[in-house]
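Asker: Structure file target-v2.csv (CSV, C-alpha atoms (C1' of nucleotides) and all ligand atoms) right here:
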chain,number,residue,atom,x,y,z
A,1,MET,CA,126.6,97.8,205.1
A,2,VAL,CA,124.1,98.4,207.9
A,3,ALA,CA,121.1,100.7,208.5
A,4,TYR,CA,122.1,103.7,210.6
A,5,SER,CA,120.1,105.4,213.3
A,6,PRO,CA,121.1,108.8,214.6
A,7,SER,CA,122.4,107.2,217.8
A,8,ALA,CA,124.5,104.7,215.8
A,9,LEU,CA,126.0,107.5,213.8
A,10,LYS,CA,126.7,109.4,217.0
A,11,ALA,CA,128.5,106.3,218.5
A,12,GLU,CA,130.6,105.8,215.4
A,13,LEU,CA,131.5,109.5,215.3
A,14,HIS,CA,132.6,109.4,219.0
A,15,GLU,CA,134.7,106.3,218.3
A,16,ARG,CA,136.8,108.6,216.1
A,17,GLY,CA,136.8,111.6,218.4
A,18,TRP,CA,134.3,113.4,216.4
A,19,ARG,CA,131.0,115.0,217.3
A,20,MET,CA,127.3,114.6,216.6
A,21,THR,CA,125.6,117.8,215.5
A,22,PRO,CA,122.1,118.8,214.7
A,23,GLN,CA,123.2,119.3,211.1
A,24,ARG,CA,124.4,115.7,210.8
A,25,GLU,CA,121.2,114.3,212.4
A,26,THR,CA,119.1,116.4,210.0
A,27,ILE,CA,121.0,115.2,206.9
A,28,LEU,CA,120.7,111.5,208.0
A,29,LYS,CA,117.0,111.8,208.8
A,30,THR,CA,116.3,113.6,205.5
A,31,PHE,CA,117.8,110.7,203.5
A,32,GLN,CA,116.1,108.1,205.6
A,33,ASN,CA,112.7,109.7,204.9
A,34,LEU,CA,113.3,110.1,201.2
A,35,PRO,CA,111.2,107.9,199.0
A,36,GLU,CA,113.1,105.2,197.1
A,37,GLY,CA,114.3,106.3,193.7
A,38,ARG,CA,115.1,109.9,194.9
A,39,HIS,CA,118.7,110.8,194.5
A,40,LEU,CA,119.8,114.2,195.8
A,41,SER,CA,122.8,116.3,194.8
A,42,ALA,CA,124.4,118.6,197.4
A,43,GLU,CA,122.4,121.6,196.1
A,44,ASP,CA,119.2,119.6,195.9
A,45,LEU,CA,119.6,118.8,199.6
A,46,CYS,CA,120.5,122.4,200.4
A,47,ASP,CA,117.3,123.6,198.7
A,48,LEU,CA,115.1,121.0,200.3
A,49,LEU,CA,116.3,121.8,203.8
A,50,LYS,CA,115.8,125.5,203.1
A,51,GLU,CA,112.2,124.8,202.0
A,52,GLU,CA,111.6,122.8,205.2
A,53,GLY,CA,112.8,125.6,207.3
A,54,ALA,CA,115.9,123.8,208.6
A,55,PRO,CA,118.6,125.3,206.3
A,56,ILE,CA,122.2,124.1,206.5
A,57,GLY,CA,125.2,125.8,204.9
A,58,LEU,CA,126.3,124.3,201.6
A,59,SER,CA,129.9,123.7,202.8
A,60,THR,CA,128.5,121.7,205.7
A,61,ILE,CA,126.4,119.7,203.3
A,62,TYR,CA,129.3,118.9,201.0
A,63,ARG,CA,131.5,118.0,204.0
A,64,ASN,CA,129.0,115.6,205.5
A,65,LEU,CA,127.8,114.0,202.3
A,66,LYS,CA,131.4,113.0,201.7
A,67,LEU,CA,131.9,111.9,205.3
A,68,MET,CA,128.7,109.8,205.4
A,69,ALA,CA,129.5,108.2,202.1
A,70,ARG,CA,133.0,107.2,203.4
A,71,MET,CA,131.3,105.8,206.4
A,72,GLY,CA,129.0,103.7,204.3
A,73,ILE,CA,125.9,105.5,205.4
A,74,LEU,CA,125.2,107.1,202.1
A,75,ARG,CA,125.9,105.9,198.5
A,76,GLU,CA,127.6,108.3,196.2
A,77,LEU,CA,126.2,107.9,192.7
A,78,GLU,CA,127.4,109.2,189.3
A,79,LEU,CA,124.1,109.1,187.4
A,80,ALA,CA,125.6,110.1,184.0
A,81,GLU,CA,125.4,113.7,185.1
A,82,ASP,CA,127.8,116.5,186.0
A,83,GLN,CA,127.3,116.3,189.7
A,84,LYS,CA,127.3,113.5,192.4
A,85,ARG,CA,124.0,112.4,193.8
A,86,TYR,CA,123.4,110.6,197.1
A,87,GLU,CA,120.9,108.2,198.6
A,88,ILE,CA,120.7,106.3,201.8
A,89,ASN,CA,122.6,103.0,201.8
A,90,ARG,CA,120.3,100.2,202.9
A,91,PRO,CA,121.0,96.5,203.0
A,92,ALA,CA,119.0,93.8,201.2
A,93,PRO,CA,116.1,93.7,200.4
A,94,HIS,CA,116.2,97.4,199.8
A,95,HIS,CA,119.6,97.4,198.1
A,96,HIS,CA,119.4,98.1,194.4
A,97,HIS,CA,121.4,99.1,191.3
A,98,HIS,CA,120.9,101.6,188.5
A,99,LEU,CA,120.2,101.3,184.7
A,100,ILE,CA,121.1,104.7,183.2
A,101,CYS,CA,120.4,106.2,179.8
A,102,VAL,CA,123.6,108.0,178.9
A,103,ARG,CA,121.7,110.4,176.6
A,104,CYS,CA,118.6,111.6,178.6
A,105,ASN,CA,119.8,110.4,182.1
A,106,LYS,CA,116.6,108.5,182.7
A,107,THR,CA,117.4,106.1,185.5
A,108,ILE,CA,115.7,102.8,186.4
A,109,GLU,CA,116.4,101.1,189.7
A,110,PHE,CA,116.5,97.3,189.9
A,111,LYS,CA,117.3,94.7,192.5
A,112,ASN,CA,119.7,91.8,192.2
A,113,ASP,CA,120.9,90.0,195.3
A,114,SER,CA,123.4,87.9,193.4
A,115,VAL,CA,125.4,91.0,192.4
A,116,LEU,CA,125.5,92.1,196.0
A,117,LYS,CA,126.8,88.7,197.0
A,118,VAL,CA,129.5,88.9,194.4
A,119,GLY,CA,130.5,92.3,195.7
A,120,ALA,CA,130.6,91.1,199.3
A,121,LYS,CA,132.6,88.1,198.5
A,122,THR,CA,135.1,90.0,196.3
A,123,ALA,CA,135.7,92.6,199.0
A,124,GLU,CA,136.1,89.9,201.7
A,125,LYS,CA,138.5,87.8,199.5
A,126,SER,CA,140.9,90.8,199.4
A,127,GLY,CA,140.4,91.8,203.0
A,128,TYR,CA,138.5,94.9,202.1
A,129,GLN,CA,135.8,96.2,204.4
A,130,LEU,CA,132.7,96.7,202.2
A,131,LEU,CA,131.0,100.0,202.1
A,132,ASP,CA,128.9,100.0,199.0
A,133,CYS,CA,128.4,97.8,196.0
A,134,GLN,CA,126.8,99.4,192.9
A,135,LEU,CA,126.2,98.0,189.5
A,136,SER,CA,125.9,100.8,187.0
A,137,ILE,CA,124.5,99.9,183.6
A,138,HIS,CA,125.1,102.6,181.0
A,139,ALA,CA,122.8,102.2,178.0
A,140,VAL,CA,120.5,104.0,175.6
A,141,CYS,CA,116.8,104.0,176.4
A,142,PRO,CA,114.2,103.1,173.8
A,143,THR,CA,113.1,106.7,173.4
A,144,CYS,CA,116.7,107.9,172.7
A,145,GLN,CA,117.3,105.0,170.4
A,146,ARG,CA,114.5,106.3,168.2
A,147,SER,CA,115.6,110.0,168.4
A,148,ILE,CA,117.6,111.5,165.6
A,149,LEU,CA,119.5,113.7,167.9
A,150,PRO,CA,123.1,112.8,167.9
A,151,ILE,CA,124.8,111.0,170.8
B,1,MET,CA,129.6,96.0,173.6
B,2,VAL,CA,132.0,95.2,170.8
B,3,ALA,CA,135.7,95.7,170.2
B,4,TYR,CA,136.3,98.6,167.9
B,5,SER,CA,138.9,99.0,165.1
B,6,PRO,CA,139.6,102.4,163.6
B,7,SER,CA,137.7,101.5,160.5
B,8,ALA,CA,134.7,100.3,162.6
B,9,LEU,CA,134.8,103.7,164.3
B,10,LYS,CA,135.0,105.5,161.0
B,11,ALA,CA,132.0,103.6,159.7
B,12,GLU,CA,129.9,104.4,162.8
B,13,LEU,CA,130.9,108.0,162.6
B,14,HIS,CA,129.9,108.2,159.0
B,15,GLU,CA,126.5,106.7,159.7
B,16,ARG,CA,125.8,109.8,161.7
B,17,GLY,CA,127.2,112.3,159.2
B,18,TRP,CA,130.4,112.7,161.3
B,19,ARG,CA,134.0,112.4,160.3
B,20,MET,CA,137.1,110.3,161.1
B,21,THR,CA,140.1,112.4,162.1
B,22,PRO,CA,143.7,111.5,162.9
B,23,GLN,CA,143.0,112.7,166.5
B,24,ARG,CA,140.2,110.2,166.9
B,25,GLU,CA,142.3,107.4,165.5
B,26,THR,CA,145.2,108.3,167.8
B,27,ILE,CA,142.9,108.3,170.9
B,28,LEU,CA,141.4,105.0,170.0
B,29,LYS,CA,144.7,103.3,169.3
B,30,THR,CA,146.3,104.7,172.5
B,31,PHE,CA,143.6,103.1,174.6
B,32,GLN,CA,143.8,99.9,172.7
B,33,ASN,CA,147.5,99.7,173.3
B,34,LEU,CA,147.3,100.6,177.0
B,35,PRO,CA,148.0,97.7,179.4
B,36,GLU,CA,145.1,96.4,181.4
B,37,GLY,CA,144.6,98.2,184.7
B,38,ARG,CA,145.7,101.6,183.3
B,39,HIS,CA,143.0,104.2,183.6
B,40,LEU,CA,143.6,107.6,182.0
B,41,SER,CA,142.1,111.0,182.8
B,42,ALA,CA,141.8,113.6,180.1
B,43,GLU,CA,144.9,115.3,181.3
B,44,ASP,CA,146.8,112.0,181.6
B,45,LEU,CA,146.0,111.3,178.0
B,46,CYS,CA,147.0,114.8,177.0
B,47,ASP,CA,150.4,114.5,178.7
B,48,LEU,CA,150.9,111.0,177.3
B,49,LEU,CA,150.3,112.1,173.7
B,50,LYS,CA,152.6,115.1,174.2
B,51,GLU,CA,155.4,112.8,175.4
B,52,GLU,CA,154.8,110.5,172.4
B,53,GLY,CA,155.2,113.4,170.0
B,54,ALA,CA,151.6,113.3,168.8
B,55,PRO,CA,150.0,116.1,170.9
B,56,ILE,CA,146.2,116.7,170.8
B,57,GLY,CA,144.5,119.7,172.2
B,58,LEU,CA,142.8,119.2,175.6
B,59,SER,CA,139.4,120.4,174.3
B,60,THR,CA,139.5,117.8,171.6
B,61,ILE,CA,140.4,115.1,174.1
B,62,TYR,CA,137.6,116.0,176.4
B,63,ARG,CA,135.2,116.1,173.4
B,64,ASN,CA,136.2,112.7,172.1
B,65,LEU,CA,136.5,110.9,175.4
B,66,LYS,CA,132.8,111.8,176.0
B,67,LEU,CA,131.9,110.9,172.5
B,68,MET,CA,133.6,107.5,172.6
B,69,ALA,CA,132.1,106.7,176.0
B,70,ARG,CA,128.7,107.5,174.7
B,71,MET,CA,129.3,105.2,171.7
B,72,GLY,CA,130.4,102.4,174.0
B,73,ILE,CA,134.0,102.4,172.8
B,74,LEU,CA,135.4,103.7,176.1
B,75,ARG,CA,134.3,103.2,179.7
B,76,GLU,CA,133.9,106.2,181.9
B,77,LEU,CA,135.0,105.4,185.4
B,78,GLU,CA,134.7,107.3,188.7
B,79,LEU,CA,137.5,105.7,190.7
B,80,ALA,CA,136.8,107.5,194.0
B,81,GLU,CA,138.7,110.5,192.7
B,82,ASP,CA,137.9,114.0,191.6
B,83,GLN,CA,138.2,113.4,187.9
B,84,LYS,CA,136.8,110.9,185.4
B,85,ARG,CA,139.1,108.2,184.1
B,86,TYR,CA,138.7,106.1,180.9
B,87,GLU,CA,139.7,102.7,179.6
B,88,ILE,CA,138.9,100.8,176.5
B,89,ASN,CA,135.7,98.8,176.7
B,90,ARG,CA,136.3,95.2,175.7
B,91,PRO,CA,133.9,92.3,175.9
B,92,ALA,CA,134.4,89.1,177.9
B,93,PRO,CA,136.8,87.6,178.7
B,94,HIS,CA,138.6,91.0,179.1
B,95,HIS,CA,135.6,92.7,180.7
B,96,HIS,CA,136.1,93.5,184.3
B,97,HIS,CA,135.0,95.4,187.4
B,98,HIS,CA,136.6,97.5,190.1
B,99,LEU,CA,137.2,97.2,193.8
B,100,ILE,CA,138.1,100.7,195.1
B,101,CYS,CA,139.4,101.8,198.5
B,102,VAL,CA,137.6,105.0,199.3
B,103,ARG,CA,140.4,106.3,201.4
B,104,CYS,CA,143.6,105.7,199.4
B,105,ASN,CA,142.0,105.1,196.0
B,106,LYS,CA,143.9,101.9,195.5
B,107,THR,CA,141.9,99.9,192.9
B,108,ILE,CA,141.8,96.2,192.1
B,109,GLU,CA,140.3,94.9,188.9
B,110,PHE,CA,138.4,91.6,189.0
B,111,LYS,CA,136.4,89.6,186.5
B,112,ASN,CA,132.9,88.2,186.9
B,113,ASP,CA,130.9,87.1,183.9
B,114,SER,CA,127.7,86.5,185.9
B,115,VAL,CA,127.5,90.2,186.7
B,116,LEU,CA,128.0,91.1,183.1
B,117,LYS,CA,125.1,88.7,182.2
B,118,VAL,CA,122.9,90.4,184.8
B,119,GLY,CA,123.7,93.7,183.2
B,120,ALA,CA,123.0,92.5,179.7
B,121,LYS,CA,119.7,90.9,180.7
B,122,THR,CA,118.5,93.9,182.7
B,123,ALA,CA,119.2,96.3,179.8
B,124,GLU,CA,117.5,94.0,177.3
B,125,LYS,CA,114.4,93.5,179.5
B,126,SER,CA,113.8,97.2,179.5
B,127,GLY,CA,114.6,97.7,175.8
B,128,TYR,CA,117.8,99.5,176.6
B,129,GLN,CA,120.8,99.2,174.3
B,130,LEU,CA,123.8,98.2,176.5
B,131,LEU,CA,126.9,100.3,176.3
B,132,ASP,CA,128.8,99.4,179.5
B,133,CYS,CA,128.2,97.4,182.7
B,134,GLN,CA,130.3,98.2,185.7
B,135,LEU,CA,130.2,96.9,189.2
B,136,SER,CA,131.9,99.4,191.6
B,137,ILE,CA,132.7,98.1,195.0
B,138,HIS,CA,133.5,100.9,197.4
B,139,ALA,CA,135.4,99.6,200.4
B,140,VAL,CA,138.3,100.2,202.8
B,141,CYS,CA,141.5,98.3,202.0
B,142,PRO,CA,143.5,96.4,204.7
B,143,THR,CA,146.2,99.1,204.9
B,144,CYS,CA,143.7,101.9,205.5
B,145,GLN,CA,141.7,99.8,208.0
B,146,ARG,CA,144.9,99.7,210.1
B,147,SER,CA,145.7,103.4,209.7
B,148,ILE,CA,144.8,105.9,212.3
B,149,LEU,CA,144.2,108.6,209.8
B,150,PRO,CA,140.5,109.6,209.9
B,151,ILE,CA,138.2,108.8,207.0
C,1,DC,C1',139.9,119.7,142.7
C,2,DC,C1',136.0,122.4,145.3
C,3,DG,C1',132.6,123.6,148.5
C,4,DT,C1',130.4,122.4,152.4
C,5,DT,C1',130.5,121.7,157.0
C,6,DA,C1',132.3,119.1,160.8
C,7,DA,C1',136.5,119.2,163.8
C,8,DT,C1',140.3,121.2,166.0
C,9,DG,C1',142.6,123.9,169.6
C,10,DA,C1',143.8,128.2,172.1
C,11,DT,C1',141.3,130.8,175.1
C,12,DA,C1',137.6,132.3,178.0
C,13,DT,C1',134.0,130.7,180.9
C,14,DT,C1',131.3,127.9,183.8
C,15,DT,C1',130.3,125.5,187.9
C,16,DA,C1',130.8,121.7,191.2
C,17,DT,C1',133.6,121.2,195.0
C,18,DT,C1',137.2,122.4,198.2
C,19,DT,C1',139.6,125.5,201.2
C,20,DT,C1',139.9,129.3,204.5
C,21,DC,C1',139.0,131.2,208.8
C,22,DA,C1',136.5,133.5,212.4
C,23,DA,C1',132.7,132.4,215.2
C,24,DC,C1',130.2,128.7,217.4
C,25,DT,C1',129.2,124.7,220.0
C,26,DA,C1',129.5,119.6,221.5
C,27,DC,C1',131.1,117.3,225.2
C,28,DG,C1',134.5,115.5,228.5
C,29,DG,C1',136.2,117.0,232.8
C,30,DT,C1',135.8,119.5,237.1
D,1,DA,C1',126.1,123.5,236.0
D,2,DC,C1',130.2,125.6,234.3
D,3,DC,C1',134.8,125.6,231.7
D,4,DG,C1',138.1,124.7,228.3
D,5,DT,C1',139.4,122.3,224.4
D,6,DA,C1',138.9,121.2,220.0
D,7,DG,C1',135.8,119.7,216.4
D,8,DT,C1',132.1,122.0,213.5
D,9,DT,C1',129.7,125.4,211.0
D,10,DG,C1',129.0,128.7,207.2
D,11,DA,C1',130.0,132.7,204.4
D,12,DA,C1',133.3,133.9,201.2
D,13,DA,C1',137.2,133.0,198.4
D,14,DA,C1',139.8,129.8,195.8
D,15,DT,C1',140.4,125.7,192.9
D,16,DA,C1',140.0,122.9,189.0
D,17,DA,C1',137.4,119.7,186.0
D,18,DA,C1',134.8,120.3,182.3
D,19,DT,C1',132.4,123.1,178.7
D,20,DA,C1',131.6,126.9,175.5
D,21,DT,C1',133.4,130.1,172.1
D,22,DC,C1',135.1,131.0,167.7
D,23,DA,C1',138.5,131.6,164.1
D,24,DT,C1',141.1,128.3,161.5
D,25,DT,C1',141.7,123.9,159.6
D,26,DA,C1',140.6,119.8,157.1
D,27,DA,C1',137.5,115.6,156.0
D,28,DC,C1',135.0,113.9,152.3
D,29,DG,C1',131.2,113.7,148.9
D,30,DG,C1',130.5,115.3,144.4
A,201,ZN,ZN,119.0,104.5,193.8
A,202,ZN,ZN,117.2,108.2,177.0
A,203,ZN,ZN,139.7,98.8,184.6
A,204,ZN,ZN,143.2,102.2,201.2
Would it be possible to restate this file's structure as structure tokens?
Answerer:
Amino acid sequence: MVAYSPSALKAELHERGWRMTPQRETILKTFQNLPEGRHLSAEDLCDLLKEEGAPIGLSTIYRNLKLMARMGILRELELAEDQKRYEINRPAPHHHHHLICVRCNKTIEFKNDSVLKVGAKTAEKSGYQLLDCQLSIHAVCPTCQRSILPI
Amino acid sequence: MVAYSPSALKAELHERGWRMTPQRETILKTFQNLPEGRHLSAEDLCDLLKEEGAPIGLSTIYRNLKLMARMGILRELELAEDQKRYEINRPAPHHHHHLICVRCNKTIEFKNDSVLKVGAKTAEKSGYQLLDCQLSIHAVCPTCQRSILPI
DNA sequence: CCGTTAATGATATTTATTTTCAACTACGGT
DNA sequence: ACCGTAGTTGAAAATAAATATCATTAACGG
């Protein structure tokens, strides 16, 4: 789990016989400039780039979100919703986890280095190359506990 | 996070004005009797029940998997695939986490009580009622590291 | 046993994601 | 700087997980 620059991405792509493209650089930079706590779906990103005047086709976005997640550059999150969301994958001390209300989807980020250490050690012990380590706590927030609305 | 019996499920359903049904009991018992390490998708469960001569409609299965996950009875897992998978949610010492190869989806379960404690404490500190706590380690398994096949 | 109302299940629908494929372009080689 | 190869893009079509619809069934309190 390392922080990526556009040139580092380019180098790793070339290692595999792949190419750097303006679209890939745009996507990487967009996530790097996103404030912490912002998690984008594929459509969110598509809309955001359109607004900023640098539109990228939705298929390309889907393809590269998956690619960059599998490279360990992005984290693929399932925040108790019906679509995947992504954020940049940064090492400690930026690395964090998510506490998610399963009813209203309100999400709180929190940090805990010991969990990250457990993840790194577990992967290493089995000879796995670590890409991402995420603790997801599914729970009911105080507001939803009070609400009468059913599960 | 408690272990559920059919009667405990019935009691909690009644608290909310809902009903116990044979289908709900079948689903609960099926997951309780499943060996550790078995994770079923909605369609897996539908097929399994059909084989066992106690078929349940797919809509009913989808509805109740979601319901029981939101009650904390089942865990909803995203095991690096394109569909959600479920398993019974049992407290320590059965509680476990998942190490997932993002390329071949091979999954290893492992236990770590300290992570569960972090989850419980984090939820409590924010006044959240804990339902499930899952550490997902996304990584590349030894076999896939060796393979030439691209990400 | 009855009446109310939640639950089921076959079907239709939605929608996130993937696939297809022709046009484009990154980039290694000349 | 120019080619040629082969990876990439993006619009459109296809796929499939998940949800909604709705007539029928059945749980359960009285
Ligand atoms: Zn986050
Ligand atoms: Zn909530
Ligand atoms: Zn498991
Ligand atoms: Zn693998």
Asker: Of the residues C:DC24, C:DT8, C:DC1, C:DT17, which is the one nearest to chain A, using only C-alpha atoms (C1' of nucleotides)?
Answerer: C:DT17
Asker: How close does chain B get to chain D? List, as a Markdown table, each residue of chain B within 10 Å, its nearest atom pair and the distance in Å to one decimal, counting all atoms listed in the file.
Answerer:
| residue | atom | partner | partner_atom | distance |
| --- | --- | --- | --- | --- |
| B:Trp18 | CA | D:DA27 | C1' | 9.3 |
| B:Arg19 | CA | D:DA27 | C1' | 6.4 |
| B:Met20 | CA | D:DA27 | C1' | 7.4 |
| B:Thr21 | CA | D:DA27 | C1' | 7.4 |
| B:Ala42 | CA | D:DA17 | C1' | 9.6 |
| B:Glu43 | CA | D:DA17 | C1' | 9.9 |
| B:Ser59 | CA | D:DT19 | C1' | 8.7 |
| B:Tyr62 | CA | D:DA18 | C1' | 7.8 |
| B:Arg63 | CA | D:DT19 | C1' | 9.2 |
| B:Asp82 | CA | D:DA17 | C1' | 8.0 |
| B:Gln83 | CA | D:DA17 | C1' | 6.6 |
| B:Lys84 | CA | D:DA17 | C1' | 8.8 |
Asker: Can I get the selection written as a PDB file, in the frame of the given file, with C-alpha atoms?
Answerer:
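The resulting file, again.pdb, is reproduced below:
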ATOM      1  CA  TRP B  18     130.400 112.700 161.300  1.00  0.00           C
ATOM      2  CA  ARG B  19     134.000 112.400 160.300  1.00  0.00           C
ATOM      3  CA  MET B  20     137.100 110.300 161.100  1.00  0.00           C
ATOM      4  CA  THR B  21     140.100 112.400 162.100  1.00  0.00           C
ATOM      5  CA  ALA B  42     141.800 113.600 180.100  1.00  0.00           C
ATOM      6  CA  GLU B  43     144.900 115.300 181.300  1.00  0.00           C
ATOM      7  CA  SER B  59     139.400 120.400 174.300  1.00  0.00           C
ATOM      8  CA  TYR B  62     137.600 116.000 176.400  1.00  0.00           C
ATOM      9  CA  ARG B  63     135.200 116.100 173.400  1.00  0.00           C
ATOM     10  CA  ASP B  82     137.900 114.000 191.600  1.00  0.00           C
ATOM     11  CA  GLN B  83     138.200 113.400 187.900  1.00  0.00           C
ATOM     12  CA  LYS B  84     136.800 110.900 185.400  1.00  0.00           C
TER      13      LYS B  84
END
Asker: Could you tell me, counting all atoms listed in the file, which protein and nucleic acid residues lie no more than 12 Å from ligand ZN 203 (chain A), written as an NGL selection string?
Answerer: :B and (31 or 34-40 or 74-79 or 85-90 or 94-100 or 107-111 or 133-136)
Asker: Based on the selection just made, write C-alpha atoms of those residues as a PDB file, keeping the file's coordinate frame.
Answerer:
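Full text of part-v1.pdb as output:
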ATOM      1  CA  PHE B  31     143.600 103.100 174.600  1.00  0.00           C
ATOM      2  CA  LEU B  34     147.300 100.600 177.000  1.00  0.00           C
ATOM      3  CA  PRO B  35     148.000  97.700 179.400  1.00  0.00           C
ATOM      4  CA  GLU B  36     145.100  96.400 181.400  1.00  0.00           C
ATOM      5  CA  GLY B  37     144.600  98.200 184.700  1.00  0.00           C
ATOM      6  CA  ARG B  38     145.700 101.600 183.300  1.00  0.00           C
ATOM      7  CA  HIS B  39     143.000 104.200 183.600  1.00  0.00           C
ATOM      8  CA  LEU B  40     143.600 107.600 182.000  1.00  0.00           C
ATOM      9  CA  LEU B  74     135.400 103.700 176.100  1.00  0.00           C
ATOM     10  CA  ARG B  75     134.300 103.200 179.700  1.00  0.00           C
ATOM     11  CA  GLU B  76     133.900 106.200 181.900  1.00  0.00           C
ATOM     12  CA  LEU B  77     135.000 105.400 185.400  1.00  0.00           C
ATOM     13  CA  GLU B  78     134.700 107.300 188.700  1.00  0.00           C
ATOM     14  CA  LEU B  79     137.500 105.700 190.700  1.00  0.00           C
ATOM     15  CA  ARG B  85     139.100 108.200 184.100  1.00  0.00           C
ATOM     16  CA  TYR B  86     138.700 106.100 180.900  1.00  0.00           C
ATOM     17  CA  GLU B  87     139.700 102.700 179.600  1.00  0.00           C
ATOM     18  CA  ILE B  88     138.900 100.800 176.500  1.00  0.00           C
ATOM     19  CA  ASN B  89     135.700  98.800 176.700  1.00  0.00           C
ATOM     20  CA  ARG B  90     136.300  95.200 175.700  1.00  0.00           C
ATOM     21  CA  HIS B  94     138.600  91.000 179.100  1.00  0.00           C
ATOM     22  CA  HIS B  95     135.600  92.700 180.700  1.00  0.00           C
ATOM     23  CA  HIS B  96     136.100  93.500 184.300  1.00  0.00           C
ATOM     24  CA  HIS B  97     135.000  95.400 187.400  1.00  0.00           C
ATOM     25  CA  HIS B  98     136.600  97.500 190.100  1.00  0.00           C
ATOM     26  CA  LEU B  99     137.200  97.200 193.800  1.00  0.00           C
ATOM     27  CA  ILE B 100     138.100 100.700 195.100  1.00  0.00           C
ATOM     28  CA  THR B 107     141.900  99.900 192.900  1.00  0.00           C
ATOM     29  CA  ILE B 108     141.800  96.200 192.100  1.00  0.00           C
ATOM     30  CA  GLU B 109     140.300  94.900 188.900  1.00  0.00           C
ATOM     31  CA  PHE B 110     138.400  91.600 189.000  1.00  0.00           C
ATOM     32  CA  LYS B 111     136.400  89.600 186.500  1.00  0.00           C
ATOM     33  CA  CYS B 133     128.200  97.400 182.700  1.00  0.00           C
ATOM     34  CA  GLN B 134     130.300  98.200 185.700  1.00  0.00           C
ATOM     35  CA  LEU B 135     130.200  96.900 189.200  1.00  0.00           C
ATOM     36  CA  SER B 136     131.900  99.400 191.600  1.00  0.00           C
TER      37      SER B 136
END
Asker: Go ahead and compute the interatomic distance for C1' of DT25 (chain C) and CA of Ala11 (chain A), in Å to one decimal.
Answerer: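 These two atoms are separated by 18.5 Å.
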Asker: Could you check how far CA of Val102 (chain A) sits from CA of Asn33 (chain A), in Å to one decimal?
Answerer: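 Separating CA of Val102 (chain A) from CA of Asn33 (chain A) is a distance of 28.2 Å.
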Asker: Taking only C-alpha atoms (C1' of nucleotides) into account, find every residue of chain C that has an atom no more than 12 Å from chain B, and write it out as a PDB file with C-alpha atoms (C1' of nucleotides), in the frame of the given file.
Answerer:
ATOM      1  C1'  DT C   5     130.500 121.700 157.000  1.00  0.00           C
ATOM      2  C1'  DA C   6     132.300 119.100 160.800  1.00  0.00           C
ATOM      3  C1'  DA C   7     136.500 119.200 163.800  1.00  0.00           C
ATOM      4  C1'  DT C   8     140.300 121.200 166.000  1.00  0.00           C
ATOM      5  C1'  DG C   9     142.600 123.900 169.600  1.00  0.00           C
ATOM      6  C1'  DA C  10     143.800 128.200 172.100  1.00  0.00           C
ATOM      7  C1'  DT C  11     141.300 130.800 175.100  1.00  0.00           C
ATOM      8  C1'  DA C  16     130.800 121.700 191.200  1.00  0.00           C
ATOM      9  C1'  DT C  17     133.600 121.200 195.000  1.00  0.00           C
ATOM     10  C1'  DT C  18     137.200 122.400 198.200  1.00  0.00           C
TER      11       DT C  18
END
Asker: For chain B, which residues have at least one atom within 6 Å of chain A, if we go by only C-alpha atoms? Write them as a PDB file with C-alpha atoms, keeping the file's coordinate frame, please.
Answerer:
ATOM      1  CA  GLY B 127     114.600  97.700 175.800  1.00  0.00           C
ATOM      2  CA  TYR B 128     117.800  99.500 176.600  1.00  0.00           C
ATOM      3  CA  GLN B 129     120.800  99.200 174.300  1.00  0.00           C
ATOM      4  CA  LEU B 130     123.800  98.200 176.500  1.00  0.00           C
ATOM      5  CA  LEU B 131     126.900 100.300 176.300  1.00  0.00           C
ATOM      6  CA  ASP B 132     128.800  99.400 179.500  1.00  0.00           C
ATOM      7  CA  CYS B 133     128.200  97.400 182.700  1.00  0.00           C
ATOM      8  CA  GLN B 134     130.300  98.200 185.700  1.00  0.00           C
ATOM      9  CA  LEU B 135     130.200  96.900 189.200  1.00  0.00           C
ATOM     10  CA  SER B 136     131.900  99.400 191.600  1.00  0.00           C
ATOM     11  CA  ILE B 137     132.700  98.100 195.000  1.00  0.00           C
ATOM     12  CA  HIS B 138     133.500 100.900 197.400  1.00  0.00           C
ATOM     13  CA  ALA B 139     135.400  99.600 200.400  1.00  0.00           C
ATOM     14  CA  VAL B 140     138.300 100.200 202.800  1.00  0.00           C
ATOM     15  CA  CYS B 141     141.500  98.300 202.000  1.00  0.00           C
ATOM     16  CA  PRO B 142     143.500  96.400 204.700  1.00  0.00           C
TER      17      PRO B 142
END
Asker: Can you measure CA of Ser7 (chain B) to CA of Asp44 (chain B) for me? One decimal in Å is fine.
Answerer: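 Going from CA of Ser7 (chain B) over to CA of Asp44 (chain B) covers 25.3 Å.
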